[in-house]
>>> print(open('protein-v5.cif').read())   # mmCIF, C-alpha atoms
data_start
#
loop_
_atom_site.label_atom_id
_atom_site.label_comp_id
_atom_site.auth_asym_id
_atom_site.auth_seq_id
_atom_site.Cartn_x
_atom_site.Cartn_y
_atom_site.Cartn_z
CA MET A 1081 175.32 -34.32 -44.89
CA GLN A 1082 173.02 -36.65 -46.82
CA ARG A 1083 171.26 -37.71 -43.63
CA ARG A 1084 170.73 -34.04 -42.69
CA ASN A 1085 169.18 -33.33 -46.09
CA GLU A 1086 166.89 -36.35 -45.70
CA ARG A 1087 165.68 -35.11 -42.32
CA PHE A 1088 164.98 -31.65 -43.76
CA VAL A 1089 162.92 -33.14 -46.60
CA GLU A 1090 161.02 -35.33 -44.12
CA ARG A 1091 159.91 -32.22 -42.22
CA LEU A 1092 158.37 -30.58 -45.30
CA PRO A 1093 156.08 -28.77 -45.58
CA LEU A 1094 157.52 -26.52 -42.91
CA VAL A 1095 155.43 -26.03 -39.79
CA LEU A 1096 155.58 -22.28 -39.20
CA PRO A 1097 154.51 -20.58 -35.93
CA ARG A 1098 151.49 -19.06 -37.69
CA PRO A 1099 149.78 -20.09 -40.93
CA ALA A 1100 149.85 -16.47 -42.11
CA TYR A 1101 153.63 -16.69 -42.37
CA GLY A 1102 153.31 -19.29 -45.11
CA TYR A 1103 150.97 -17.09 -47.13
CA GLY A 1104 153.19 -14.05 -46.59
CA LEU A 1105 156.30 -15.87 -47.78
CA SER A 1106 154.38 -17.23 -50.77
CA LEU A 1107 153.34 -13.68 -51.66
CA LEU A 1108 156.99 -12.63 -51.39
CA LEU A 1109 157.98 -15.39 -53.81
CA CYS A 1110 155.31 -14.21 -56.24
CA LEU A 1111 156.60 -10.64 -56.04
CA LEU A 1112 160.13 -11.85 -56.73
CA ALA A 1113 158.83 -13.83 -59.69
CA TRP A 1114 157.01 -10.71 -60.93
CA LEU A 1115 160.22 -8.65 -60.69
CA ALA A 1116 162.15 -11.39 -62.48
CA ARG A 1117 159.57 -11.43 -65.27
CA ILE A 1118 159.82 -7.66 -65.67
CA ALA A 1119 163.62 -7.87 -65.77
CA ALA A 1120 163.43 -10.58 -68.45
CA GLU A 1121 160.85 -8.73 -70.57
CA THR A 1122 163.40 -7.76 -73.23
CA LEU A 1123 164.96 -11.24 -73.28
CA LEU A 1124 161.80 -13.33 -73.66
CA PRO A 1125 159.74 -13.61 -76.82
CA VAL A 1126 156.10 -12.60 -76.74
CA GLY A 1127 153.76 -15.14 -75.20
CA TYR A 1128 155.48 -16.26 -71.97
CA PRO A 1129 153.54 -14.42 -69.25
CA PHE A 1130 153.66 -17.21 -66.63
CA VAL A 1131 157.23 -18.47 -67.04
CA THR A 1132 158.70 -17.01 -63.82
CA PHE A 1133 155.64 -17.75 -61.70
CA PHE A 1134 155.83 -21.55 -62.02
CA PRO A 1135 158.91 -21.76 -59.75
CA ALA A 1136 157.17 -19.53 -57.18
CA VAL A 1137 154.17 -21.86 -57.09
CA ILE A 1138 156.38 -24.95 -56.86
CA LEU A 1139 158.50 -23.51 -54.03
CA SER A 1140 155.45 -22.33 -52.10
CA SER A 1141 153.82 -25.75 -52.33
CA PHE A 1142 157.06 -27.55 -51.51
CA LEU A 1143 158.00 -25.41 -48.51
CA PHE A 1144 154.68 -24.32 -47.03
CA GLY A 1145 152.04 -26.79 -48.21
CA VAL A 1146 149.09 -27.06 -50.58
CA ARG A 1147 147.11 -24.01 -49.49
CA PRO A 1148 149.99 -21.51 -49.73
CA GLY A 1149 150.81 -23.14 -53.09
CA ILE A 1150 147.26 -22.52 -54.32
CA PHE A 1151 147.47 -18.96 -53.00
CA ALA A 1152 150.73 -18.42 -54.92
CA ALA A 1153 149.14 -19.86 -58.07
CA ILE A 1154 146.20 -17.42 -57.82
CA VAL A 1155 148.44 -14.42 -57.16
CA GLY A 1156 150.81 -15.40 -59.95
CA GLY A 1157 147.95 -15.90 -62.39
CA LEU A 1158 146.45 -12.49 -61.60
CA LEU A 1159 149.79 -10.70 -61.90
CA SER A 1160 150.51 -12.42 -65.20
CA TRP A 1161 147.04 -11.61 -66.53
CA TYR A 1162 147.26 -7.98 -65.50
CA CYS A 1163 150.89 -7.19 -66.40
CA PHE A 1164 151.97 -9.51 -69.21
CA ILE A 1165 148.90 -10.61 -71.23
CA PRO A 1166 147.88 -8.02 -73.85
CA PRO A 1167 146.27 -5.63 -73.43
CA VAL A 1168 148.54 -5.15 -70.42
CA TYR A 1169 147.48 -3.48 -67.16
CA THR A 1170 143.88 -4.50 -67.77
CA LEU A 1171 141.87 -7.56 -66.92
CA VAL A 1172 140.22 -8.01 -70.29
CA PHE A 1173 138.74 -11.49 -70.64
CA ASN A 1174 138.53 -13.07 -74.09
CA PRO A 1175 138.92 -16.58 -75.52
CA GLY A 1176 142.69 -16.19 -75.86
CA VAL A 1177 143.05 -15.09 -72.26
CA ALA A 1178 140.76 -17.91 -71.17
CA MET A 1179 142.92 -20.52 -72.95
CA ALA A 1180 146.10 -19.09 -71.43
CA LEU A 1181 144.63 -19.09 -67.91
CA ILE A 1182 143.27 -22.61 -68.33
CA PHE A 1183 146.67 -23.83 -69.46
CA TYR A 1184 148.31 -22.09 -66.51
CA ALA A 1185 145.77 -23.54 -64.07
CA MET A 1186 146.30 -27.07 -65.39
CA VAL A 1187 150.07 -26.83 -65.10
CA VAL A 1188 150.12 -25.42 -61.55
CA ALA A 1189 147.42 -27.89 -60.45
CA VAL A 1190 149.56 -30.80 -61.63
CA ASP A 1191 152.61 -29.31 -59.89
CA ILE A 1192 150.76 -28.82 -56.61
CA LEU A 1193 149.22 -32.30 -56.69
CA LEU A 1194 152.52 -33.99 -57.45
CA ILE A 1195 154.26 -32.15 -54.64
CA HIS A 1196 151.41 -32.96 -52.26
CA PHE A 1197 151.45 -36.69 -53.05
CA MET A 1198 155.24 -36.77 -52.85
CA GLN A 1199 155.23 -35.15 -49.41
CA ARG A 1200 152.51 -37.46 -48.17
CA ALA A 1201 154.53 -40.46 -49.29
CA ASN A 1202 157.64 -38.97 -47.71
CA PHE A 1203 155.76 -38.34 -44.48
CA ASN A 1204 154.53 -41.94 -44.36
CA LEU A 1205 158.05 -43.14 -45.08
CA ALA A 1206 159.38 -41.06 -42.19
CA ILE A 1207 156.75 -42.56 -39.87
CA GLU A 1208 157.67 -46.09 -40.95
CA ARG A 1209 161.36 -45.33 -40.52
CA GLU A 1210 160.76 -44.04 -37.01
CA ARG A 1211 158.61 -47.06 -36.22
CA SER A 1212 161.34 -49.39 -37.51
CA ARG A 1213 163.91 -47.57 -35.39
CA ALA A 1214 161.75 -47.94 -32.30
CA LEU A 1215 161.19 -51.64 -33.03
CA ALA A 1216 164.92 -52.15 -33.52
CA GLU A 1217 165.65 -50.46 -30.18
CA ASN A 1218 163.02 -52.59 -28.43
CA ARG A 1219 164.39 -55.71 -30.09
CA GLU A 1220 167.91 -54.91 -28.96
CA LEU A 1221 166.71 -54.13 -25.44
CA LEU A 1222 164.75 -57.38 -25.21
CA PHE A 1223 167.63 -59.36 -26.68
CA ASN A 1224 170.11 -57.90 -24.23
CA GLU A 1225 167.72 -58.59 -21.38
CA LEU A 1226 167.31 -62.18 -22.55
CA GLN A 1227 171.06 -62.67 -22.83
CA HIS A 1228 171.52 -61.11 -19.41
CA ARG A 1229 168.98 -63.47 -17.87
CA VAL A 1230 170.44 -66.53 -19.59
CA SER A 1231 173.94 -65.64 -18.43
CA ASN A 1232 172.68 -64.99 -14.91
CA ASN A 1233 170.86 -68.32 -14.87
CA LEU A 1234 174.04 -70.10 -15.90
CA GLN A 1235 175.90 -68.32 -13.12
CA VAL A 1236 173.22 -69.37 -10.64
CA VAL A 1237 173.48 -73.00 -11.73
CA ALA A 1238 177.27 -72.81 -11.39
CA ALA A 1239 176.88 -71.40 -7.89
CA MET A 1240 174.42 -74.16 -6.96
CA LEU A 1241 176.91 -76.79 -8.12
CA SER A 1242 179.58 -75.14 -6.00
CA LEU A 1243 177.26 -75.26 -2.99
CA GLN A 1244 176.42 -78.89 -3.69
CA ARG A 1245 180.14 -79.67 -3.72
CA ARG A 1246 180.34 -78.92 0.00
CA GLN A 1247 178.07 -81.87 0.72
CA VAL A 1248 180.13 -84.34 -1.32
CA ASP A 1249 182.98 -86.23 0.35
CA ASN A 1250 184.29 -88.09 -2.69
CA ASP A 1251 187.25 -86.24 -4.22
CA VAL A 1252 186.41 -87.34 -7.77
CA ALA A 1253 182.82 -86.14 -7.42
CA ARG A 1254 183.95 -82.85 -5.88
CA ARG A 1255 186.33 -82.27 -8.77
CA ALA A 1256 183.63 -83.13 -11.31
CA LEU A 1257 181.28 -80.59 -9.72
CA ASP A 1258 184.03 -77.96 -9.73
CA ASP A 1259 184.71 -78.57 -13.42
CA ALA A 1260 180.99 -78.43 -14.29
CA ALA A 1261 180.53 -75.18 -12.36
CA ALA A 1262 183.57 -73.63 -14.05
CA ARG A 1263 182.37 -74.64 -17.51
CA LEU A 1264 178.87 -73.27 -16.92
CA SER A 1265 180.32 -70.00 -15.69
CA LEU A 1266 182.57 -69.81 -18.75
CA ILE A 1267 179.66 -70.47 -21.12
CA GLY A 1268 177.74 -67.63 -19.49
CA LYS A 1269 180.67 -65.23 -19.93
CA ILE A 1270 181.17 -66.26 -23.56
CA SER A 1271 177.50 -65.82 -24.38
CA ARG A 1272 177.37 -62.40 -22.81
CA ALA A 1273 180.52 -61.29 -24.64
CA LEU A 1274 179.68 -62.63 -28.07
CA TYR A 1275 176.00 -62.52 -28.88
CA ASP A 1276 174.42 -59.38 -30.25
CA PRO A 1277 170.98 -58.82 -31.85
CA SER A 1278 172.43 -58.03 -35.27
CA GLY A 1279 173.84 -61.53 -35.54
CA GLN A 1280 177.31 -60.21 -36.36
CA GLY A 1281 180.32 -62.02 -35.02
CA GLN A 1282 183.00 -60.36 -32.92
CA ASP A 1283 186.60 -60.01 -34.07
CA LEU A 1284 188.05 -63.40 -33.18
CA ARG A 1285 191.56 -62.29 -32.26
CA THR A 1286 190.33 -59.63 -29.83
CA PHE A 1287 187.96 -62.09 -28.19
CA MET A 1288 190.61 -64.81 -27.82
CA VAL A 1289 193.00 -62.35 -26.16
CA MET A 1290 190.35 -61.51 -23.55
CA LEU A 1291 189.36 -65.18 -23.13
CA CYS A 1292 192.89 -66.42 -22.51
CA ALA A 1293 193.59 -63.55 -20.11
CA ASP A 1294 190.47 -64.50 -18.11
CA ILE A 1295 191.55 -68.15 -17.97
CA VAL A 1296 195.03 -67.30 -16.71
CA ASP A 1297 193.54 -64.95 -14.11
CA ALA A 1298 191.09 -67.69 -13.02
CA PHE A 1299 194.06 -69.92 -12.17
CA GLY A 1300 195.64 -67.09 -10.19
CA ARG A 1301 198.85 -67.46 -12.18
CA THR A 1302 201.07 -64.51 -13.00
CA ASP A 1303 203.93 -66.60 -14.38
CA ILE A 1304 202.09 -67.85 -17.48
CA ASP A 1305 202.76 -66.03 -20.76
CA CYS A 1306 199.79 -66.64 -23.07
CA THR A 1307 200.22 -65.29 -26.59
CA ILE A 1308 197.65 -65.11 -29.38
CA CYS A 1309 198.39 -65.19 -33.10
CA ALA A 1310 195.34 -64.86 -35.36
CA PRO A 1311 194.37 -62.95 -38.51
CA ASP A 1312 193.06 -59.44 -37.90
CA GLY A 1313 189.41 -58.82 -38.76
CA LEU A 1314 188.47 -62.51 -38.77
CA SER A 1315 184.91 -63.09 -37.53
CA LEU A 1316 182.70 -66.15 -37.21
CA GLU A 1317 179.04 -66.83 -36.68
CA PRO A 1318 178.06 -66.96 -32.98
CA ASP A 1319 177.00 -70.62 -33.28
CA VAL A 1320 180.58 -71.41 -34.39
CA ILE A 1321 182.61 -69.16 -32.16
CA VAL A 1322 181.02 -70.38 -28.89
CA PRO A 1323 182.09 -74.04 -29.37
CA LEU A 1324 185.46 -72.81 -30.64
CA ALA A 1325 185.89 -70.65 -27.55
CA LEU A 1326 185.04 -73.60 -25.29
CA ILE A 1327 187.67 -75.73 -27.05
CA VAL A 1328 190.25 -72.97 -26.59
CA ALA A 1329 189.30 -72.64 -22.93
CA GLU A 1330 189.57 -76.41 -22.33
CA SER A 1331 192.93 -76.60 -24.10
CA VAL A 1332 194.49 -73.58 -22.36
CA SER A 1333 193.17 -74.74 -18.98
CA ASN A 1334 194.59 -78.21 -19.60
CA ALA A 1335 197.98 -76.73 -20.57
CA ILE A 1336 198.15 -74.70 -17.36
CA GLU A 1337 196.77 -77.37 -15.04
CA HIS A 1338 198.65 -80.42 -16.36
CA GLY A 1339 201.54 -79.05 -18.40
CA LEU A 1340 202.60 -76.16 -16.16
CA PRO A 1341 201.21 -76.94 -12.71
CA ASP A 1342 204.24 -75.87 -10.68
CA ARG A 1343 206.46 -73.68 -12.83
CA ALA A 1344 206.39 -70.69 -15.13
CA GLY A 1345 205.82 -71.29 -18.81
CA ARG A 1346 204.38 -70.22 -22.08
CA VAL A 1347 201.14 -71.06 -23.90
CA ALA A 1348 200.91 -70.08 -27.57
CA VAL A 1349 197.53 -70.00 -29.32
CA THR A 1350 197.83 -69.86 -33.10
CA LEU A 1351 194.88 -69.64 -35.49
CA GLU A 1352 195.49 -69.89 -39.23
CA GLN A 1353 192.99 -69.35 -42.04
CA GLN A 1354 193.51 -71.22 -45.29
CA GLY A 1355 192.58 -69.91 -48.72
CA ASP A 1356 189.45 -72.09 -48.83
CA GLY A 1357 188.24 -70.69 -45.49
CA ALA A 1358 189.31 -73.68 -43.38
CA LEU A 1359 190.66 -72.93 -39.89
CA HIS A 1360 193.57 -74.59 -38.11
CA LEU A 1361 193.98 -73.93 -34.39
CA ARG A 1362 197.11 -74.91 -32.48
CA ILE A 1363 197.57 -74.46 -28.72
CA VAL A 1364 201.13 -75.29 -27.70
CA ASP A 1365 202.69 -75.20 -24.23
CA ASP A 1366 206.28 -75.77 -23.13
CA GLY A 1367 205.33 -77.85 -20.12
CA ARG A 1368 206.06 -81.42 -19.09
CA GLY A 1369 204.39 -82.92 -22.18
CA LEU A 1370 202.10 -85.92 -22.52
CA PRO A 1371 202.85 -89.25 -20.92
CA ASP A 1372 202.71 -91.84 -23.69
CA GLY A 1373 201.04 -89.33 -25.99
CA THR A 1374 197.85 -89.09 -23.93
CA MET A 1375 196.36 -86.58 -21.57
CA PRO A 1376 197.53 -86.90 -17.92
CA ASP A 1377 194.00 -87.85 -16.91
CA GLY A 1378 193.88 -90.59 -19.50
CA PRO A 1379 191.93 -90.87 -22.77
CA THR A 1380 188.62 -90.70 -20.94
CA SER A 1381 189.24 -87.17 -19.66
CA ILE A 1382 185.98 -85.22 -19.67
CA GLY A 1383 187.81 -82.15 -21.04
CA LEU A 1384 189.15 -84.11 -24.00
CA ARG A 1385 185.77 -85.71 -24.66
CA ILE A 1386 184.06 -82.29 -24.61
CA ALA A 1387 186.62 -80.86 -27.03
CA VAL A 1388 186.24 -83.82 -29.40
CA ALA A 1389 182.43 -83.59 -29.27
CA LEU A 1390 182.44 -79.84 -29.95
CA ALA A 1391 184.85 -80.28 -32.87
CA GLN A 1392 182.61 -82.95 -34.38
CA GLN A 1393 179.63 -80.65 -33.90
CA LEU A 1394 181.41 -78.13 -36.14
CA GLY A 1395 182.31 -80.79 -38.69
CA GLY A 1396 185.99 -80.76 -37.71
CA SER A 1397 188.45 -82.80 -35.69
CA PHE A 1398 190.35 -82.34 -32.42
CA ARG A 1399 193.41 -84.16 -31.20
CA LEU A 1400 196.10 -83.82 -28.55
CA GLU A 1401 199.69 -84.71 -29.40
CA PRO A 1402 203.25 -83.99 -28.27
CA ALA A 1403 204.63 -80.63 -29.39
CA PRO A 1404 207.67 -80.68 -31.71
CA ASP A 1405 209.87 -78.84 -29.16
CA GLY A 1406 208.49 -80.53 -26.07
CA GLY A 1407 205.30 -79.91 -24.17
CA ALA A 1408 201.86 -80.64 -25.59
CA MET A 1409 199.93 -79.39 -28.58
CA ALA A 1410 196.15 -79.32 -29.01
CA CYS A 1411 195.09 -79.33 -32.66
CA LEU A 1412 191.70 -78.28 -34.02
CA ASP A 1413 190.94 -78.42 -37.74
CA LEU A 1414 187.67 -76.94 -39.00
CA PRO A 1415 186.18 -76.79 -42.50
CA GLN A 1416 185.08 -73.51 -44.02
CA HIS A 1417 183.32 -71.41 -41.37
CA THR A 1418 184.67 -67.93 -42.01
CA ARG A 1419 182.52 -65.08 -43.33
#
>>> encode(input="protein-v5.cif", output="structure tokens")
Amino acid sequence: MQRRNERFVERLPLVLPRPAYGYGLSLLLCLLAWLARIAAETLLPVGYPFVTFFPAVILSSFLFGVRPGIFAAIVGGLLSWYCFIPPVYTLVFNPGVAMALIFYAMVVAVDILLIHFMQRANFNLAIERERSRALAENRELLFNELQHRVSNNLQVVAAMLSLQRRQVDNDVARRALDDAAARLSLIGKISRALYDPSGQGQDLRTFMVMLCADIVDAFGRTDIDCTICAPDGLSLEPDVIVPLALIVAESVSNAIEHGLPDRAGRVAVTLEQQGDGALHLRIVDDGRGLPDGTMPDGPTSIGLRIAVALAQQLGGSFRLEPAPDGGAMACLDLPQHTR
């Protein structure tokens, strides 16, 4: 309702099909003011000939513009002079009449000028608001196009790595290229899903549900139950949530690949927010666990090194340890990063 009123005010003065309509409606307002003054004759003390004509002048100026407002002021002044300034029904001019008309002219002139300047300022404000809206739309369009191109470029690089893999005979090198291509593709998906031109973060729980579902689907597994437990409405800055999402992806992928490679199982992702804003992430699986408390690939695993580096980038820490009830547990502790 407020927005509708603002738009109506921005369109003032009204643009009528013909200019004569504005003058005709102004004349009608003056006639109504004249009738109101006659009706109030017995209620008003002597000496208020113009009192009902001021609203007519103000409305005419406000609704139809300066010229109809001036027209209403002239008509109202003449009607007041003729009907309500003694001797009535004559146009006798004397010093008293001159002072009354001068006073009336000054008042209506100030009213008309104030309304005119107000509408000019309002018109300029409407133009600036429309210009800002257009700039915001262009900015969002360009930003989306940029994000689309960046994501596509990452996908292209991932595809090139996959093609390069065909020319490599070494199994370790082939696996490294596969991992690099998968990570680049994941970064592209995360960027496309998270970033928006307003800089606002996405709801973290909703995003993690979609992320974990994509990871499970990427492995082609239908026997993995991945559950997410996180506070509702929690959001982070994009420069925080992207590294966090990569750590989650590495940990869930590791749980499926090494903890549950050949049997059904469960992966539980739990995110807790402390009172000081710190975050604690736990990713627990019920798989085969860690041999000697390390990752199956050894402490030099590229996935573990990436997770540790990303955690340090956020000012936190990452570790992998045996779960209390068997399996493995990835732990990420971050300082205050919540909004």
>>> residues_around(input="protein-v5.cif", residues="stretch 1138-1150 of chain A", least_positions_apart="6", cutoff="10 Å", atoms="only C-alpha atoms", output="PyMOL selection string")
chain A and resi 1089+1091-1096+1099-1110+1156+1185+1188-1189+1191-1196+1198-1199
>>> write_last_selection(input="protein-v5.cif", atoms="C-alpha atoms", output="mmCIF file, in the coordinates of the input")
data_model
loop_
_atom_site.group_PDB
_atom_site.id
_atom_site.type_symbol
_atom_site.label_atom_id
_atom_site.label_comp_id
_atom_site.auth_asym_id
_atom_site.auth_seq_id
_atom_site.Cartn_x
_atom_site.Cartn_y
_atom_site.Cartn_z
ATOM 1 C CA VAL A 1089 162.920 -33.140 -46.600
ATOM 2 C CA ARG A 1091 159.910 -32.220 -42.220
ATOM 3 C CA LEU A 1092 158.370 -30.580 -45.300
ATOM 4 C CA PRO A 1093 156.080 -28.770 -45.580
ATOM 5 C CA LEU A 1094 157.520 -26.520 -42.910
ATOM 6 C CA VAL A 1095 155.430 -26.030 -39.790
ATOM 7 C CA LEU A 1096 155.580 -22.280 -39.200
ATOM 8 C CA PRO A 1099 149.780 -20.090 -40.930
ATOM 9 C CA ALA A 1100 149.850 -16.470 -42.110
ATOM 10 C CA TYR A 1101 153.630 -16.690 -42.370
ATOM 11 C CA GLY A 1102 153.310 -19.290 -45.110
ATOM 12 C CA TYR A 1103 150.970 -17.090 -47.130
ATOM 13 C CA GLY A 1104 153.190 -14.050 -46.590
ATOM 14 C CA LEU A 1105 156.300 -15.870 -47.780
ATOM 15 C CA SER A 1106 154.380 -17.230 -50.770
ATOM 16 C CA LEU A 1107 153.340 -13.680 -51.660
ATOM 17 C CA LEU A 1108 156.990 -12.630 -51.390
ATOM 18 C CA LEU A 1109 157.980 -15.390 -53.810
ATOM 19 C CA CYS A 1110 155.310 -14.210 -56.240
ATOM 20 C CA GLY A 1156 150.810 -15.400 -59.950
ATOM 21 C CA ALA A 1185 145.770 -23.540 -64.070
ATOM 22 C CA VAL A 1188 150.120 -25.420 -61.550
ATOM 23 C CA ALA A 1189 147.420 -27.890 -60.450
ATOM 24 C CA ASP A 1191 152.610 -29.310 -59.890
ATOM 25 C CA ILE A 1192 150.760 -28.820 -56.610
ATOM 26 C CA LEU A 1193 149.220 -32.300 -56.690
ATOM 27 C CA LEU A 1194 152.520 -33.990 -57.450
ATOM 28 C CA ILE A 1195 154.260 -32.150 -54.640
ATOM 29 C CA HIS A 1196 151.410 -32.960 -52.260
ATOM 30 C CA MET A 1198 155.240 -36.770 -52.850
ATOM 31 C CA GLN A 1199 155.230 -35.150 -49.410
#
>>> axis_aligned_box(input="protein-v5.cif", around="stretch 1171-1180 of chain A", padding_each_side="4 Å", output="AutoDock Vina command-line options")
--center_x 142.3 --center_y -14.0 --center_z -71.4 --size_x 15.6 --size_y 21.0 --size_z 16.9
>>> residues_around(input="protein-v5.cif", residues="A:Val1332", least_positions_apart="3", cutoff="9 Å", atoms="only C-alpha atoms", output="list in words")
Cys1292, Ile1295, Val1296, Cys1306, Ile1327, Val1328, Ala1329, Ala1335, Ile1336, Glu1337, Val1347, Ala1348, Val1349, Ile1363, Val1364, Asp1365 and Ala1410 of chain A
>>> resolve_selection(input="protein-v5.cif", expression="the PyMOL selection byres ((chain A and resi 1326) around 10)", output="ChimeraX atom specification")
/A:1263,1266-1267,1270,1291,1321-1325,1327-1332,1383,1386-1387,1390
>>> resolve_selection(input="protein-v5.cif", expression="the PyMOL selection byres ((chain A and resi 1125-1127) around 12)", output="PDB file with C-alpha atoms, in the frame of the given file")
ATOM      1  CA  ARG A1117     159.570 -11.430 -65.270  1.00  0.00           C
ATOM      2  CA  ALA A1120     163.430 -10.580 -68.450  1.00  0.00           C
ATOM      3  CA  GLU A1121     160.850  -8.730 -70.570  1.00  0.00           C
ATOM      4  CA  THR A1122     163.400  -7.760 -73.230  1.00  0.00           C
ATOM      5  CA  LEU A1123     164.960 -11.240 -73.280  1.00  0.00           C
ATOM      6  CA  LEU A1124     161.800 -13.330 -73.660  1.00  0.00           C
ATOM      7  CA  TYR A1128     155.480 -16.260 -71.970  1.00  0.00           C
ATOM      8  CA  PRO A1129     153.540 -14.420 -69.250  1.00  0.00           C
ATOM      9  CA  PHE A1130     153.660 -17.210 -66.630  1.00  0.00           C
ATOM     10  CA  VAL A1131     157.230 -18.470 -67.040  1.00  0.00           C
ATOM     11  CA  SER A1160     150.510 -12.420 -65.200  1.00  0.00           C
ATOM     12  CA  TRP A1161     147.040 -11.610 -66.530  1.00  0.00           C
ATOM     13  CA  PHE A1164     151.970  -9.510 -69.210  1.00  0.00           C
ATOM     14  CA  ILE A1165     148.900 -10.610 -71.230  1.00  0.00           C
ATOM     15  CA  PRO A1166     147.880  -8.020 -73.850  1.00  0.00           C
ATOM     16  CA  GLY A1176     142.690 -16.190 -75.860  1.00  0.00           C
ATOM     17  CA  VAL A1177     143.050 -15.090 -72.260  1.00  0.00           C
ATOM     18  CA  ALA A1180     146.100 -19.090 -71.430  1.00  0.00           C
TER      19      ALA A1180
END
>>> closest_residue(input="protein-v5.cif", among="A:Leu1314, A:Ala1214, A:Gly1157, A:Gly1406", to="A:Ile1182", atoms="all atoms listed in the file")
A:Gly1157
>>> residues_around(input="protein-v5.cif", residues="stretch 1339-1342 of chain A", least_positions_apart="5", cutoff="9 Å", atoms="all atoms listed in the file", output="PyMOL selection string")
chain A and resi 1304+1334+1365-1370+1376+1407-1408
>>> closest_residue(input="protein-v5.cif", among="A:Glu1210, A:Asp1356, A:Asp1259, A:Asp1294", to="A:Ala1239", atoms="only C-alpha atoms")
A:Asp1259
>>> atom_distance(input="protein-v5.cif", atom1="atom CA of A:Ala1262", atom2="atom CA of A:Leu1241")
9.5 Å
>>> atom_distance(input="protein-v5.cif", atom1="atom CA of A:Leu1384", atom2="atom CA of A:Met1240")
24.6 Å
>>> decode(input="protein-v5.cif", residues="stretch 1118-1132 of chain A", atoms="N, CA and C atoms", output="short mmCIF file (atom, residue, chain, number, x, y, z; two decimals), in the first residue's frame")
data_model
loop_
_atom_site.label_atom_id
_atom_site.label_comp_id
_atom_site.auth_asym_id
_atom_site.auth_seq_id
_atom_site.Cartn_x
_atom_site.Cartn_y
_atom_site.Cartn_z
N ILE A 1118 -20.09 29.88 0.84
CA ILE A 1118 -21.45 30.36 1.04
C ILE A 1118 -22.12 29.60 2.18
N ALA A 1119 -21.91 28.27 2.22
CA ALA A 1119 -22.53 27.46 3.26
C ALA A 1119 -22.00 27.83 4.64
N ALA A 1120 -20.74 28.29 4.70
CA ALA A 1120 -20.13 28.62 5.99
C ALA A 1120 -20.26 30.10 6.34
N GLU A 1121 -21.05 30.83 5.57
CA GLU A 1121 -21.17 32.29 5.78
C GLU A 1121 -21.63 32.61 7.19
N THR A 1122 -22.61 31.86 7.70
CA THR A 1122 -23.14 32.16 9.03
C THR A 1122 -22.23 31.65 10.14
N LEU A 1123 -21.27 30.79 9.82
CA LEU A 1123 -20.40 30.21 10.84
C LEU A 1123 -19.09 30.98 10.99
N LEU A 1124 -18.70 31.69 9.93
CA LEU A 1124 -17.41 32.39 9.95
C LEU A 1124 -17.60 33.84 10.37
N PRO A 1125 -16.64 34.38 11.10
CA PRO A 1125 -16.69 35.81 11.40
C PRO A 1125 -16.39 36.63 10.16
N VAL A 1126 -16.65 37.91 10.22
CA VAL A 1126 -16.42 38.78 9.08
C VAL A 1126 -14.91 38.90 8.84
N GLY A 1127 -14.54 38.86 7.56
CA GLY A 1127 -13.13 39.08 7.24
C GLY A 1127 -12.38 37.86 6.80
N TYR A 1128 -13.06 36.78 6.40
CA TYR A 1128 -12.40 35.56 5.91
C TYR A 1128 -12.92 35.23 4.50
N PRO A 1129 -12.70 36.07 3.53
CA PRO A 1129 -13.27 35.82 2.20
C PRO A 1129 -12.56 34.71 1.43
N PHE A 1130 -11.28 34.45 1.75
CA PHE A 1130 -10.49 33.52 0.92
C PHE A 1130 -10.33 32.14 1.56
N VAL A 1131 -10.91 31.92 2.73
CA VAL A 1131 -10.54 30.76 3.53
C VAL A 1131 -10.79 29.43 2.81
N THR A 1132 -11.87 29.29 2.06
CA THR A 1132 -12.16 28.01 1.40
C THR A 1132 -11.48 27.89 0.04
#
